[in-house]
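Scroll down for the structure; my scribbles are underneath it.
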Amino acid sequence: MKQAVLSRPRPALAGPWPLASLGLSLLLAVPLITVAVSLLLPSDDVWQHLRETVLGEYISNSMILLGGVALLVLPMGIVPAWLVTMYRFPGRGVLEWALLLPMAVPAYIIAYTYTGMLDVAGPVQTWMRDSFGWDYGDYWFPSIRSLGGAIAMLSLVLYPYVYLLSRAAFVEQSICVLEVSRTLGCNTLSAFWRVALPLARPAIVVGLSIALMETLADFGTVQYFGISVFTTGIYRTWYGLGSSVAATQLAALLMFFVLFLVLMESWSRRQSRYFNTSTRYQALPRVQLRGWHLVLAYLLCVTPVLLGFGIPVAQLTAWSWITAERIFTARFFELALNTVSLAVISALIALVIALFISYGRRLFPNLLSTLSFRVLSLGYALPGTVIAIGVLVPFAWLDNRLSASMEAWVGINTGLLLSGTVFILVFAYLVRFLPIALNTVDAGLGKIKPSMDEAARSLGHSNASTLRSVHMPMMKGTMIAAVLLVFVDVVKELPATLILRPFNFNTLAIRTYELANEERLADAAGPALCIVLVSIIPVILLSRSLSRARVGYAADSQP
Amino acid sequence: MQQTLNLDNVHVALSGRPVINGVSLSLDQGRIGCLLGPSGCGKTTLLRAIAGFEPVTSGSIRLGSEQLSGNGAMVATERRAIGMVFQDYALFPHLKVRDNIAFGLRQRKGSDIDRRVQELAQLLAVSNLLDEYPHRLSGGQQQRVAIARAMAPRPQVLLLDEPFASLDIELREQIAGEIREVLKQANVTAILVSHNQLEAFAMADEIGVMQQGRLLQWDRAFNLYHRPNSPAVAAFVGEGVLVEGTVSPQGGVNTALGLIHSATGSNLQPGTSVSVLLRPDDVIHEDGAETAATVVERAFRGAQFLYTLAAASGEKFFSLVPSHHDHLPGERIGYRLEVDHLVLFPHVVEQAGVDLVDLGQEGNLELRPANEDETEP
């Protein structure tokens, strides 16, 4: 007979698993804590200087940017969502997912592209001068390098968040509610205003908060357009004025703006639960559109796709074609390899940590593991610049201490052991993108019934072995999705990479940024196009889950 | 080796709330036990405590000489020689039937695993399904695979949580009998959880009636029906009414329906007021009997009618009558009492776990199990 092994009974509050989870979470929360704590530090003259000169401008510009983006993304997202949900017209199925495509274009890339097209020397103004015989200065043309231009660029790529969430809300609305409103005297339009829109409001607010978080986090667009907002201010304070304290305090201020949006988002998410009106659904009886209604619908649905994806991608392709020989050289492939290896490493580490923490929370559902989970989820809301500052400050401190003690003991100056290498970059990516992997893995685990765990345990498998032989094979698709999502986000990431990259280490995003800042916009098209093409992957994943999320569709768990 | 499963005064709490309050039972090797009770009575929690998914707050669970749970320590589930069949079967959807059955056979040689899988597939008649994925199987087939999987590592105890809940009602008793055969053939000790007494009767050697976290009686099915130790057990197992009476000096009980005799005497003082349990099969219908009662209601049950009769004094009671005796409500029919097992309770007024349904103006009582709305955790 086997010898009995006595272990402590569950629920174990402090086993090795939850403790390790907590340790990991604390480590990844270091940047967040650093930035928050900086507010307690005495501010220096730089802060004083900032307050007297530019801080007011940062705040007012950021507010205008937020307000403008909100005004644009709401109609750009909600109207097409309503049209593709409630009406039938040729090409509706394609538009349903094509409306998501602008998500694949990072804001800084669309900004570079439209600048190249709309600048004085760009094809549009050249064509105008040629065909009307005007000279420069004869005519008025809006400047794209302005606050208004930044609002337009950001809205073009951020409206899909509002579209995605409001569409989901419209699809989930019980058709009965709408039909009841019709019997009470509403026509289609007033049913939309009085019933559908109010019911979808929490979901729309969630989409809007995500779009606004991205707006606050944007660095590439505003930097290129020369607009003073928080992100550019942090960068300038750090490098231009050389004050890490003031830069960190600026980052902390930005973090509070973001925190407000996070709270707004989670509050709306909770609200949306109560807005689910009926558990009985039936297929949506889509109305066939005809005549000028049809034309209008096309106009409203196709324009965002064309402006946010079609035109810029066509322009990038054309430029890449012209500059191919100059750009696609051995150097380019080195860039691509750098980018891909960085992204793969970060994505795989993120997956492992996500599995560890998420499964740990399933095994030990206590306050500790829930807390770790919450803290880790915050990272995604933080702008890359804030994270970069939050990572750099403690790592630089640690490097100095290390180097000093090594010199004292062994007599070797180790230099920037951590902050000067790729290590710090991967760490920053983990802080920012782990939440994506975590949420994806957690959703996947949640679909596996707890009796599966218990069945494996009763058949003699330990926790770790159950994860390996039951959960991981069952959620293969989920794990691939998690890796892909993190991979793509790392490829797109600009500000944190810019601040943290080791000397002379370049990625596709950095190269795009550098070329654009040298005003070699056509040359920047090659790497930019690569980034866009890679970024289409999550859009495909999203559109696939879109068609699956239809009411009544039961996902087959078979591999 | 004989391995008796022993539960000694087991208490279990779920997130601080006591759910099992002092359950003791023992089950010899090869016997099949059943925990019977309404949902929310704690029977599944007790099963999970035996499996090692829930710790006991006090008391102990032992298998043979080995202590599994108790004294603040517990053997991890995967180290107990206990198999479990889950209510939803919990077959791994990413594995074929063959690999599902082999899942618990890790430390063995490949050929041994194959042989064991074949053996079980044959025993449970799923040999032709070995290369299918679980989602292609019917509910009954999934259940057989789940049992095969749980039995593969030769557990000393097999636990089955509501094994028939997902099956068609018509099939349940038949399948229960078949599964019983399989378990007996393999000489496996098993405990199942059920809220359906017919399943329990069809499958188990010993049945425990549970209510509100307590085990009321642990006994053979026959005894649960004929010798219930409390009104709650009498209410949960079978049908019946309580009739008020006083113990007569001659050894029966005087009631409004007449003197109820019994083969077995009672040791109560004559004159004590008691409640007599009257089962439908204790009341025999005879057209020429001396006593008669009015038909109040009747329910056709195929081979029998269940008549609700009212005596002249207003007392109501049940009688199970072969169904060719077709009497309409309002008719007076003859009956005689033939109580083989006299079951007496101290005068019942209100007792935990029993709803006493007032049947008539004179107020004798029908026994019904109390409705517990709490859901099984």
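So you can find residues: chains in the structure tokens are A, B, ... in the order shown, residues in each start at 1, and ligands are numbered from 1 in order.
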
- Which neighbours of Pro270 (chain B) fall inside 8 Å, counting only C-alpha atoms, when residues of the same chain fewer than 4 positions from it are skipped, and could you give them as a VMD selection string? chain B and resid 246 to 249 251

Keeping N, CA and C atoms, export the residues of the selection given above as a PDB file, in the first residue's frame.
ATOM      1  N   THR B 246     -53.430   5.443  20.738  1.00  0.00           N
ATOM      2  CA  THR B 246     -52.822   5.166  22.046  1.00  0.00           C
ATOM      3  C   THR B 246     -52.488   3.691  22.096  1.00  0.00           C
ATOM      4  N   VAL B 247     -51.397   3.401  22.773  1.00  0.00           N
ATOM      5  CA  VAL B 247     -50.954   2.013  22.884  1.00  0.00           C
ATOM      6  C   VAL B 247     -51.977   1.247  23.726  1.00  0.00           C
ATOM      7  N   SER B 248     -52.448   0.128  23.187  1.00  0.00           N
ATOM      8  CA  SER B 248     -53.459  -0.634  23.922  1.00  0.00           C
ATOM      9  C   SER B 248     -52.782  -1.710  24.752  1.00  0.00           C
ATOM     10  N   PRO B 249     -53.419  -2.128  25.821  1.00  0.00           N
ATOM     11  CA  PRO B 249     -52.813  -3.144  26.705  1.00  0.00           C
ATOM     12  C   PRO B 249     -52.554  -4.454  25.978  1.00  0.00           C
ATOM     13  N   GLY B 251     -51.290  -4.912  23.173  1.00  0.00           N
ATOM     14  CA  GLY B 251     -50.112  -4.877  22.303  1.00  0.00           C
ATOM     15  C   GLY B 251     -50.376  -4.202  20.987  1.00  0.00           C
TER      16      GLY B 251
END

- For region 143-156 of chain B: contacts at 7 Å, only C-alpha atoms, fewer than 6 positions along chain excluded, given as a PyMOL selection string: (chain A and resi 459) or (chain B and resi 81-85+89+91+97+100-102+104-105+116+120-121+124+188-189)

- Write down, as a ChimeraX atom specification, each residue of chain B that has any atom within 8 Å of an atom of chain A, counting only C-alpha atoms. /B:51,53-55,66-68,72-80,82-86,88,90-94,103-104,150,153

Could those residues be written to a file, using N, CA and C atoms, as a short mmCIF file (atom, residue, chain, number, x, y, z; two decimals), in the first residue's frame?
data_model
loop_
_atom_site.label_atom_id
_atom_site.label_comp_id
_atom_site.auth_asym_id
_atom_site.auth_seq_id
_atom_site.Cartn_x
_atom_site.Cartn_y
_atom_site.Cartn_z
N ALA B 51 -13.70 12.42 -1.41
CA ALA B 51 -12.76 12.47 -2.53
C ALA B 51 -11.54 13.31 -2.19
N PHE B 53 -11.72 16.79 -1.99
CA PHE B 53 -11.84 18.13 -2.55
C PHE B 53 -12.18 19.16 -1.47
N GLU B 54 -12.81 18.68 -0.40
CA GLU B 54 -13.13 19.59 0.70
C GLU B 54 -12.51 19.04 1.97
N PRO B 55 -11.89 19.90 2.78
CA PRO B 55 -11.33 19.42 4.04
C PRO B 55 -12.43 19.23 5.09
N GLU B 66 -5.66 3.50 6.76
CA GLU B 66 -5.10 4.79 6.35
C GLU B 66 -6.06 5.92 6.63
N GLN B 67 -5.57 6.96 7.28
CA GLN B 67 -6.42 8.12 7.51
C GLN B 67 -6.33 9.07 6.32
N LEU B 68 -7.49 9.37 5.73
CA LEU B 68 -7.50 10.24 4.56
C LEU B 68 -7.67 11.71 4.95
N GLY B 72 -6.90 18.07 11.00
CA GLY B 72 -6.28 19.18 10.29
C GLY B 72 -5.36 18.77 9.17
N ALA B 73 -5.32 17.49 8.84
CA ALA B 73 -4.45 17.06 7.74
C ALA B 73 -5.28 16.29 6.74
N MET B 74 -4.87 16.31 5.49
CA MET B 74 -5.60 15.50 4.52
C MET B 74 -4.67 15.03 3.42
N VAL B 75 -4.95 13.81 2.95
CA VAL B 75 -4.21 13.27 1.82
C VAL B 75 -4.76 13.96 0.57
N ALA B 76 -3.86 14.43 -0.30
CA ALA B 76 -4.31 15.11 -1.51
C ALA B 76 -5.14 14.15 -2.37
N THR B 77 -6.12 14.69 -3.06
CA THR B 77 -7.03 13.88 -3.87
C THR B 77 -6.28 12.90 -4.76
N GLU B 78 -5.23 13.41 -5.44
CA GLU B 78 -4.54 12.55 -6.39
C GLU B 78 -3.79 11.41 -5.74
N ARG B 79 -3.61 11.45 -4.40
CA ARG B 79 -2.92 10.38 -3.72
C ARG B 79 -3.87 9.44 -3.00
N ARG B 80 -5.16 9.70 -3.08
CA ARG B 80 -6.14 8.79 -2.48
C ARG B 80 -6.48 7.75 -3.53
N ILE B 82 -9.09 6.78 -4.67
CA ILE B 82 -10.52 7.00 -4.79
C ILE B 82 -10.84 7.54 -6.17
N GLY B 83 -11.74 6.88 -6.85
CA GLY B 83 -12.14 7.34 -8.18
C GLY B 83 -13.46 8.07 -8.08
N MET B 84 -13.72 8.95 -9.04
CA MET B 84 -14.97 9.69 -8.96
C MET B 84 -15.59 9.83 -10.35
N VAL B 85 -16.90 9.63 -10.39
CA VAL B 85 -17.65 9.85 -11.63
C VAL B 85 -18.49 11.10 -11.40
N PHE B 86 -18.29 12.11 -12.25
CA PHE B 86 -18.94 13.40 -12.01
C PHE B 86 -20.32 13.44 -12.64
N ASP B 88 -21.65 15.66 -14.47
CA ASP B 88 -21.62 16.00 -15.90
C ASP B 88 -20.60 15.14 -16.65
N ALA B 90 -17.63 15.02 -17.03
CA ALA B 90 -16.32 15.68 -17.12
C ALA B 90 -15.33 14.88 -17.96
N LEU B 91 -15.78 14.33 -19.09
CA LEU B 91 -14.84 13.68 -20.00
C LEU B 91 -13.98 14.76 -20.65
N PHE B 92 -12.71 14.45 -20.85
CA PHE B 92 -11.83 15.45 -21.44
C PHE B 92 -12.13 15.55 -22.93
N PRO B 93 -12.59 16.70 -23.40
CA PRO B 93 -13.05 16.79 -24.79
C PRO B 93 -11.93 16.70 -25.81
N HIS B 94 -10.69 16.93 -25.36
CA HIS B 94 -9.59 16.90 -26.33
C HIS B 94 -8.97 15.51 -26.46
N PHE B 103 -6.26 7.91 -18.88
CA PHE B 103 -5.73 9.14 -18.28
C PHE B 103 -5.12 8.91 -16.90
N GLY B 104 -5.74 8.03 -16.11
CA GLY B 104 -5.22 7.80 -14.75
C GLY B 104 -4.16 6.72 -14.68
N ALA B 150 -12.87 6.17 -14.37
CA ALA B 150 -12.67 6.24 -12.93
C ALA B 150 -12.20 4.90 -12.37
N PRO B 153 -7.70 3.05 -12.80
CA PRO B 153 -6.55 2.92 -11.89
C PRO B 153 -6.83 2.00 -10.69
#

Who sits within 6 Å of region 307-312 of chain B, only C-alpha atoms, same chain under 4 positions skipped, as a PDB file with C-alpha atoms, in the first residue's frame:
ATOM      1  CA  ALA B 293     -64.071   4.134   3.862  1.00  0.00           C
ATOM      2  CA  THR B 294     -64.954   6.678   1.176  1.00  0.00           C
ATOM      3  CA  VAL B 295     -62.772   7.154  -1.890  1.00  0.00           C
ATOM      4  CA  VAL B 296     -61.578  10.767  -1.885  1.00  0.00           C
ATOM      5  CA  GLU B 297     -59.051  10.695  -4.667  1.00  0.00           C
ATOM      6  CA  ARG B 298     -57.332   8.161  -6.800  1.00  0.00           C
ATOM      7  CA  LYS B 316     -57.547  10.023   5.635  1.00  0.00           C
ATOM      8  CA  PHE B 317     -55.114   7.358   4.510  1.00  0.00           C
ATOM      9  CA  PHE B 318     -53.718   5.704   1.404  1.00  0.00           C
ATOM     10  CA  SER B 319     -54.316   2.277  -0.021  1.00  0.00           C
TER      11      SER B 319
END

- Message: Considering only helix (DSSP H, G or I) as DSSP defines it on the backbone, what residues of region 27-239 of chain A qualify? List them as a count of residues only.
- Response: 168

- Message: Would you pick out the contacts of Tyr112 (chain A) at 9 Å or less, using only C-alpha atoms, so that residues sharing its chain but fewer than 4 positions from it are not included, and give the list as a count of residues only?
- Response: 11

- Message: Which residues are near Asn254 (chain B)? Cut-off 12 Å, only C-alpha atoms, ignore same chain within fewer than 3 positions. Put them as a list in words.
- Response: Val243, Glu244, Gly245, Thr246, Val247, Ser248, Pro249, Gln250, Gly251, Leu257, Gly258, Leu259, Ile260, His261, Ser262, Pro270, Gly271, Thr272, Ser273, Val274, Ser275 and Val276 of chain B

Write out as a PDB file with N, CA and C atoms, in the first residue's frame which residues come within 9 Å of Leu7 (chain B) when counting only C-alpha atoms, dropping same-chain ones fewer than 4 positions away.
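What follows is the written file part.pdb:
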ATOM      1  N   VAL B  23     -21.367  13.304  10.493  1.00  0.00           N
ATOM      2  CA  VAL B  23     -21.845  12.110   9.802  1.00  0.00           C
ATOM      3  C   VAL B  23     -20.890  10.957  10.097  1.00  0.00           C
ATOM      4  N   SER B  24     -21.444   9.821  10.502  1.00  0.00           N
ATOM      5  CA  SER B  24     -20.638   8.621  10.707  1.00  0.00           C
ATOM      6  C   SER B  24     -21.253   7.492   9.903  1.00  0.00           C
ATOM      7  N   LEU B  25     -20.427   6.749   9.216  1.00  0.00           N
ATOM      8  CA  LEU B  25     -20.927   5.560   8.528  1.00  0.00           C
ATOM      9  C   LEU B  25     -19.743   4.675   8.207  1.00  0.00           C
ATOM     10  N   SER B  26     -20.023   3.409   7.901  1.00  0.00           N
ATOM     11  CA  SER B  26     -18.925   2.578   7.421  1.00  0.00           C
ATOM     12  C   SER B  26     -19.451   1.662   6.335  1.00  0.00           C
ATOM     13  N   LEU B  27     -18.590   1.383   5.370  1.00  0.00           N
ATOM     14  CA  LEU B  27     -18.995   0.611   4.199  1.00  0.00           C
ATOM     15  C   LEU B  27     -17.895  -0.402   3.913  1.00  0.00           C
ATOM     16  N   ILE B  50     -15.053  13.042   0.902  1.00  0.00           N
ATOM     17  CA  ILE B  50     -14.444  11.717   0.814  1.00  0.00           C
ATOM     18  C   ILE B  50     -13.392  11.701  -0.298  1.00  0.00           C
ATOM     19  N   GLY B  59     -13.657  15.437  12.940  1.00  0.00           N
ATOM     20  CA  GLY B  59     -13.968  14.065  12.596  1.00  0.00           C
ATOM     21  C   GLY B  59     -12.914  13.523  11.645  1.00  0.00           C
ATOM     22  N   SER B  60     -13.112  12.279  11.190  1.00  0.00           N
ATOM     23  CA  SER B  60     -12.083  11.715  10.318  1.00  0.00           C
ATOM     24  C   SER B  60     -12.698  10.815   9.260  1.00  0.00           C
ATOM     25  N   ILE B  61     -11.972  10.683   8.160  1.00  0.00           N
ATOM     26  CA  ILE B  61     -12.341   9.749   7.094  1.00  0.00           C
ATOM     27  C   ILE B  61     -11.169   8.784   6.963  1.00  0.00           C
ATOM     28  N   ARG B  62     -11.451   7.478   7.077  1.00  0.00           N
ATOM     29  CA  ARG B  62     -10.375   6.489   6.985  1.00  0.00           C
ATOM     30  C   ARG B  62     -10.741   5.454   5.940  1.00  0.00           C
ATOM     31  N   LEU B  63      -9.720   4.950   5.289  1.00  0.00           N
ATOM     32  CA  LEU B  63      -9.914   3.835   4.369  1.00  0.00           C
ATOM     33  C   LEU B  63      -8.995   2.734   4.861  1.00  0.00           C
TER      34      LEU B  63
END

- Find the spatial neighbours of Trp267 (chain A), counting only C-alpha atoms, within a cut-off of 10 Å - ignore same-chain residues fewer than 5 positions away - and output them as a ChimeraX atom specification. /A:202,205-206,261-262,272

- Item | Residue nearest Thr512 (chain A) among A:Ile499, A:Ile322, A:Ala336, A:Val157 (counting only C-alpha atoms) |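 Smallest distance to Thr512 (chain A) is found for A:Ala336.
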
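Distance annotation: of B:Phe345, B:Leu159, B:His285, B:Gln212, the residue with the minimal separation from His327 (chain B) is B:His285; atom set is only C-alpha atoms.
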
- Message: Residues of region 239-349 of chain B classed as strand (DSSP E) by DSSP on the backbone are to be reported as number ranges by chain.
- Response: B: 241-247, 253-255, 258-260, 273-278, 283-285, 291-300, 304-310, 316-322, 332-337, 344-346

With C-alpha atoms retained, could you export that selection as an mmCIF file, in the first residue's frame?
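And here's part-v4.cif as it stands now:
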data_model
loop_
_atom_site.group_PDB
_atom_site.id
_atom_site.type_symbol
_atom_site.label_atom_id
_atom_site.label_comp_id
_atom_site.auth_asym_id
_atom_site.auth_seq_id
_atom_site.Cartn_x
_atom_site.Cartn_y
_atom_site.Cartn_z
ATOM 1 C CA VAL B 241 -49.779 8.995 6.688
ATOM 2 C CA LEU B 242 -49.559 9.283 10.435
ATOM 3 C CA VAL B 243 -52.552 8.218 12.434
ATOM 4 C CA GLU B 244 -52.914 9.241 16.041
ATOM 5 C CA GLY B 245 -53.564 6.532 18.599
ATOM 6 C CA THR B 246 -52.822 5.166 22.046
ATOM 7 C CA VAL B 247 -50.954 2.013 22.884
ATOM 8 C CA VAL B 253 -52.492 0.645 18.930
ATOM 9 C CA ASN B 254 -56.029 1.948 19.198
ATOM 10 C CA THR B 255 -56.781 4.428 16.449
ATOM 11 C CA GLY B 258 -59.577 0.510 14.616
ATOM 12 C CA LEU B 259 -57.046 -1.506 16.520
ATOM 13 C CA ILE B 260 -53.828 -1.872 14.571
ATOM 14 C CA SER B 273 -50.227 8.459 22.847
ATOM 15 C CA VAL B 274 -48.329 7.794 19.653
ATOM 16 C CA SER B 275 -48.424 8.324 15.895
ATOM 17 C CA VAL B 276 -48.624 5.228 13.740
ATOM 18 C CA LEU B 277 -47.060 5.181 10.312
ATOM 19 C CA LEU B 278 -49.522 3.768 7.815
ATOM 20 C CA VAL B 283 -54.170 -1.035 3.862
ATOM 21 C CA ILE B 284 -55.707 -3.955 1.985
ATOM 22 C CA HIS B 285 -58.867 -3.408 -0.018
ATOM 23 C CA THR B 291 -64.734 -1.673 7.790
ATOM 24 C CA ALA B 292 -65.300 0.720 4.922
ATOM 25 C CA ALA B 293 -64.071 4.134 3.862
ATOM 26 C CA THR B 294 -64.954 6.678 1.176
ATOM 27 C CA VAL B 295 -62.772 7.154 -1.890
ATOM 28 C CA VAL B 296 -61.578 10.767 -1.885
ATOM 29 C CA GLU B 297 -59.051 10.695 -4.667
ATOM 30 C CA ARG B 298 -57.332 8.161 -6.800
ATOM 31 C CA ALA B 299 -54.177 8.038 -8.902
ATOM 32 C CA PHE B 300 -53.762 5.414 -11.595
ATOM 33 C CA GLN B 304 -52.231 -0.320 -9.110
ATOM 34 C CA PHE B 305 -54.466 2.492 -8.011
ATOM 35 C CA LEU B 306 -53.317 4.664 -5.155
ATOM 36 C CA TYR B 307 -56.570 5.481 -3.410
ATOM 37 C CA THR B 308 -56.898 8.214 -0.843
ATOM 38 C CA LEU B 309 -59.580 7.011 1.549
ATOM 39 C CA ALA B 310 -61.441 8.803 4.291
ATOM 40 C CA LYS B 316 -57.547 10.023 5.635
ATOM 41 C CA PHE B 317 -55.114 7.358 4.510
ATOM 42 C CA PHE B 318 -53.718 5.704 1.404
ATOM 43 C CA SER B 319 -54.316 2.277 -0.021
ATOM 44 C CA LEU B 320 -52.510 0.591 -2.845
ATOM 45 C CA VAL B 321 -54.993 -1.561 -4.733
ATOM 46 C CA PRO B 322 -54.609 -3.792 -7.833
ATOM 47 C CA ARG B 332 -67.492 3.436 -0.130
ATOM 48 C CA ILE B 333 -65.114 0.502 -0.292
ATOM 49 C CA GLY B 334 -64.134 -2.082 2.291
ATOM 50 C CA TYR B 335 -60.632 -2.250 3.728
ATOM 51 C CA ARG B 336 -58.639 -4.022 6.376
ATOM 52 C CA LEU B 337 -55.382 -3.139 8.011
ATOM 53 C CA LEU B 344 -44.585 4.197 16.099
ATOM 54 C CA PHE B 345 -43.334 7.686 16.715
ATOM 55 C CA PRO B 346 -43.868 9.751 19.804
#

- Have a look at A:Ile531, A:Ile204, A:Ile353, A:Thr237 and name the one nearest to Leu24 (chain A); count only C-alpha atoms.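 Selected residue with least distance to Leu24 (chain A): A:Ile353.
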
- Task: Give me, please, the distance in Å between CA of Gly70 (chain B) and CA of Pro38 (chain B), quoted to one decimal.
- Result: 26.8 Å

- Message: One decimal, in Å: what's the spacing between CA of Met103 (chain A) and CA of Leu294 (chain A)?
- Response: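 Distance between the two atoms: 25.6 Å.
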